[in-house]
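Notes for the one structure printed next.
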Amino acid sequence: MRNRLVATVAMAAGLLIVSGPLSAHHGNAVFDVGKTVTMKGTVTEWFWANPHCFLSFDVKGRDGRLVHWVMETQAPPNIVPYGFSKQTFKPGDEVTVTLEPVKNGQPLGRLVQVVLSNGKTLKWEG
C-alpha cells in the first residue's frame with residue numbers, strides 16, 4: 001500500500017514538472033501580436049512536421065539584398081482544414097506572405113495568410 005502511494009505521488013510530481021515547459025512552449029510573447037507585415041518573396045523551403053510547420057522564403061530588401069525570412073505555422077493536422085498540405089509550397093514558388101513579426105526585428109514571424117502565385121489564398125483562422 002505504501003509503495004503504491006509513493007509511486008502515485010512520484011507520477012503526479014513528474015507530470016507537473018513536465019507540464020510547465022509544455023505550456024510555456026506556446027507563448028505569444030515573442031510575436032508582435034496584432035501587427036502584420038505583408039511581403040512578396042520566393043519560397044526556399046517548406047518544412048512539414050510536428051509540432052510546427054515552417055515556410056522559409058527570400059524577400060528583396062529595400063537595399064536590394066535578399067533577406068531570408070522564416071514563418072511559423074501550426075502543426076500539420078491543424079492547418080490541413082485550411083487548405084495546406086505537404087505539397088503546398090515548392091522551392092522557387094512566388095508567394096505573398098502576411099505574418100505577425102517577432103518583436104526583436106529579426107526576419108521571423110507567425111502565419112496570418114499566404115497568397116499563392118495562382119491567386120489562391122490560404123489563411124490561418126485558428
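FYI, nothing fancy with the C-alpha cells labels: chains A, B, ... in order, residues from 1 per chain, ligands from 1 as they appear.
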
Exercise for review: Name the residues in contact with A:Thr98 at a cut-off of 10 Å, using only C-alpha atoms, excluding same-chain residues fewer than 6 positions from it; report them as a ChimeraX atom specification.
Suggested key: /A:36-40,71,109-115,123

Go ahead and save the residues from that selection, with N, CA, C and O atoms, as a compact mmCIF listing (two decimals), in the first residue's frame.
```txt
# COMPACT_ATOMS: atom_id res chain seq x y z
N THR A 36 0.82 43.34 -38.46
CA THR A 36 1.06 42.43 -39.59
C THR A 36 1.98 43.09 -40.61
O THR A 36 2.01 44.32 -40.74
N VAL A 37 2.74 42.26 -41.28
CA VAL A 37 3.64 42.67 -42.34
C VAL A 37 3.32 41.81 -43.56
O VAL A 37 3.17 40.60 -43.42
N THR A 38 3.20 42.43 -44.72
CA THR A 38 2.94 41.70 -45.96
C THR A 38 4.09 41.94 -46.91
O THR A 38 4.54 43.09 -47.08
N MET A 39 4.58 40.86 -47.52
CA MET A 39 5.71 40.96 -48.45
C MET A 39 5.65 39.86 -49.49
O MET A 39 5.03 38.83 -49.26
N LYS A 40 6.26 40.13 -50.63
CA LYS A 40 6.35 39.13 -51.70
C LYS A 40 7.73 38.50 -51.63
O LYS A 40 8.73 39.20 -51.39
N MET A 71 8.73 31.75 -41.48
CA MET A 71 7.39 31.94 -40.91
C MET A 71 6.93 30.63 -40.28
O MET A 71 6.99 29.57 -40.90
N GLY A 109 8.43 35.26 -38.18
CA GLY A 109 7.06 35.62 -37.87
C GLY A 109 6.13 34.43 -37.82
O GLY A 109 6.56 33.29 -38.01
N ARG A 110 4.89 34.74 -37.57
CA ARG A 110 3.84 33.71 -37.46
C ARG A 110 2.80 33.96 -38.55
O ARG A 110 2.35 35.09 -38.76
N LEU A 111 2.38 32.88 -39.21
CA LEU A 111 1.44 32.93 -40.32
C LEU A 111 0.15 33.67 -40.01
O LEU A 111 -0.47 33.45 -38.97
N VAL A 112 -0.23 34.54 -40.91
CA VAL A 112 -1.57 35.11 -40.94
C VAL A 112 -2.24 34.62 -42.23
O VAL A 112 -3.29 34.01 -42.18
N GLN A 113 -1.57 34.85 -43.37
CA GLN A 113 -2.08 34.31 -44.64
C GLN A 113 -0.97 34.28 -45.68
O GLN A 113 0.03 34.97 -45.56
N VAL A 114 -1.20 33.45 -46.70
CA VAL A 114 -0.28 33.33 -47.84
C VAL A 114 -1.12 33.34 -49.10
O VAL A 114 -2.13 32.63 -49.19
N VAL A 115 -0.71 34.15 -50.09
CA VAL A 115 -1.36 34.14 -51.40
C VAL A 115 -0.37 33.46 -52.35
O VAL A 115 0.77 33.90 -52.51
N LYS A 123 -5.33 30.96 -45.41
CA LYS A 123 -5.37 31.82 -44.23
C LYS A 123 -5.56 30.96 -42.99
O LYS A 123 -6.42 30.08 -42.96
```

Review point. Near A:Val80, counting only C-alpha atoms, which residues have an atom at most 12 Å away, once you skip same-chain residues fewer than 5 positions from it, shown as a PyMOL selection string?
Key: chain A and resi 48+53+73-75+85-88+122-126

Dump of all heavy atoms for the selected residues, as a compact mmCIF listing (two decimals), in the first residue's frame:
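What follows is the written file result_34.txt:
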```txt
# COMPACT_ATOMS: atom_id res chain seq x y z
N TRP A 48 7.45 20.54 -43.27
CA TRP A 48 6.15 19.99 -42.87
C TRP A 48 6.39 18.97 -41.77
O TRP A 48 6.80 17.84 -42.05
CB TRP A 48 5.49 19.35 -44.08
CG TRP A 48 4.15 18.76 -43.87
CD1 TRP A 48 3.87 17.46 -43.58
CD2 TRP A 48 2.88 19.42 -43.94
NE1 TRP A 48 2.52 17.27 -43.47
CE2 TRP A 48 1.89 18.47 -43.69
CE3 TRP A 48 2.50 20.74 -44.18
CZ2 TRP A 48 0.54 18.78 -43.69
CZ3 TRP A 48 1.17 21.04 -44.17
CH2 TRP A 48 0.20 20.08 -43.93
N CYS A 53 4.96 23.67 -38.61
CA CYS A 53 5.50 23.74 -39.97
C CYS A 53 6.17 25.11 -40.11
O CYS A 53 5.79 26.07 -39.44
CB CYS A 53 4.39 23.61 -41.00
SG CYS A 53 3.51 22.04 -40.93
N THR A 73 4.05 28.15 -38.67
CA THR A 73 2.62 27.85 -38.74
C THR A 73 2.30 26.86 -37.64
O THR A 73 3.15 26.52 -36.83
CB THR A 73 2.23 27.23 -40.10
OG1 THR A 73 2.75 25.91 -40.17
CG2 THR A 73 2.75 28.06 -41.26
N GLN A 74 1.10 26.37 -37.64
CA GLN A 74 0.67 25.35 -36.69
C GLN A 74 1.13 23.97 -37.16
O GLN A 74 1.71 23.83 -38.23
CB GLN A 74 -0.85 25.38 -36.56
CG GLN A 74 -1.38 26.65 -35.96
CD GLN A 74 -1.00 26.78 -34.50
OE1 GLN A 74 -1.12 25.84 -33.73
NE2 GLN A 74 -0.53 27.95 -34.11
N ALA A 75 0.80 22.96 -36.39
CA ALA A 75 1.09 21.57 -36.73
C ALA A 75 0.26 21.16 -37.95
O ALA A 75 -0.82 21.69 -38.17
CB ALA A 75 0.79 20.66 -35.55
N SER A 85 -1.04 21.62 -47.35
CA SER A 85 -0.61 20.23 -47.44
C SER A 85 0.92 20.21 -47.54
O SER A 85 1.56 21.26 -47.68
CB SER A 85 -1.21 19.54 -48.66
OG SER A 85 -0.55 19.95 -49.83
N LYS A 86 1.45 19.01 -47.51
CA LYS A 86 2.89 18.85 -47.63
C LYS A 86 3.38 19.37 -48.99
O LYS A 86 4.53 19.78 -49.13
CB LYS A 86 3.27 17.38 -47.45
CG LYS A 86 4.73 17.13 -47.34
CD LYS A 86 5.01 15.67 -47.01
CE LYS A 86 6.49 15.46 -46.79
NZ LYS A 86 6.79 14.10 -46.37
N GLN A 87 2.50 19.38 -49.99
CA GLN A 87 2.87 19.81 -51.34
C GLN A 87 2.47 21.27 -51.65
O GLN A 87 2.61 21.70 -52.79
CB GLN A 87 2.21 18.89 -52.38
CG GLN A 87 2.74 17.48 -52.41
CD GLN A 87 2.19 16.62 -51.28
OE1 GLN A 87 1.07 16.80 -50.84
NE2 GLN A 87 3.00 15.69 -50.79
N THR A 88 2.00 22.01 -50.68
CA THR A 88 1.52 23.37 -50.94
C THR A 88 2.60 24.26 -51.53
O THR A 88 2.34 25.04 -52.44
CB THR A 88 0.97 24.01 -49.65
OG1 THR A 88 -0.12 23.23 -49.17
CG2 THR A 88 0.50 25.43 -49.89
N LEU A 122 -4.48 31.19 -48.70
CA LEU A 122 -4.53 30.27 -47.57
C LEU A 122 -4.38 31.11 -46.31
O LEU A 122 -3.43 31.89 -46.19
CB LEU A 122 -3.41 29.24 -47.66
CG LEU A 122 -3.39 28.37 -48.90
CD1 LEU A 122 -2.15 27.50 -48.93
CD2 LEU A 122 -4.64 27.52 -48.98
N LYS A 123 -5.33 30.96 -45.41
CA LYS A 123 -5.37 31.82 -44.23
C LYS A 123 -5.56 30.96 -42.99
O LYS A 123 -6.42 30.08 -42.96
CB LYS A 123 -6.52 32.81 -44.37
CG LYS A 123 -6.57 33.87 -43.32
CD LYS A 123 -7.64 34.89 -43.67
CE LYS A 123 -7.62 36.02 -42.66
NZ LYS A 123 -8.54 37.08 -43.00
N TRP A 124 -4.77 31.24 -41.98
CA TRP A 124 -4.93 30.58 -40.68
C TRP A 124 -5.97 31.34 -39.90
O TRP A 124 -5.83 32.54 -39.66
CB TRP A 124 -3.62 30.52 -39.92
CG TRP A 124 -3.78 30.10 -38.51
CD1 TRP A 124 -3.58 30.87 -37.40
CD2 TRP A 124 -4.20 28.82 -38.02
NE1 TRP A 124 -3.85 30.14 -36.27
CE2 TRP A 124 -4.23 28.88 -36.62
CE3 TRP A 124 -4.55 27.62 -38.64
CZ2 TRP A 124 -4.58 27.80 -35.83
CZ3 TRP A 124 -4.92 26.56 -37.84
CH2 TRP A 124 -4.92 26.65 -36.46
N GLU A 125 -7.04 30.66 -39.52
CA GLU A 125 -8.12 31.31 -38.80
C GLU A 125 -8.29 30.73 -37.41
O GLU A 125 -9.35 30.83 -36.83
CB GLU A 125 -9.41 31.17 -39.61
CG GLU A 125 -9.32 31.85 -40.96
CD GLU A 125 -10.52 31.64 -41.84
OE1 GLU A 125 -11.57 31.18 -41.34
OE2 GLU A 125 -10.42 31.92 -43.04
N GLY A 126 -7.26 30.11 -36.90
CA GLY A 126 -7.34 29.45 -35.59
C GLY A 126 -7.07 30.36 -34.44
O GLY A 126 -6.84 31.50 -34.49
```

Practice item. For A:Pro107, work out the shell of residues within 7 Å, counting only C-alpha atoms and skipping chain neighbours fewer than 5 positions away, then give it as a PyMOL selection string. Key: chain A and resi 68-70

Review point. Hey, what's within 12 Å of A:Asp93 if we count only C-alpha atoms and toss same-chain stuff fewer than 5 positions away? As a PyMOL selection string, please?
Key: chain A and resi 40-46+55-58+87-88+114-118

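A straight line drawn from atom CA of A:Gly34 to atom CA of A:Asn104 is 15.1 Å long.
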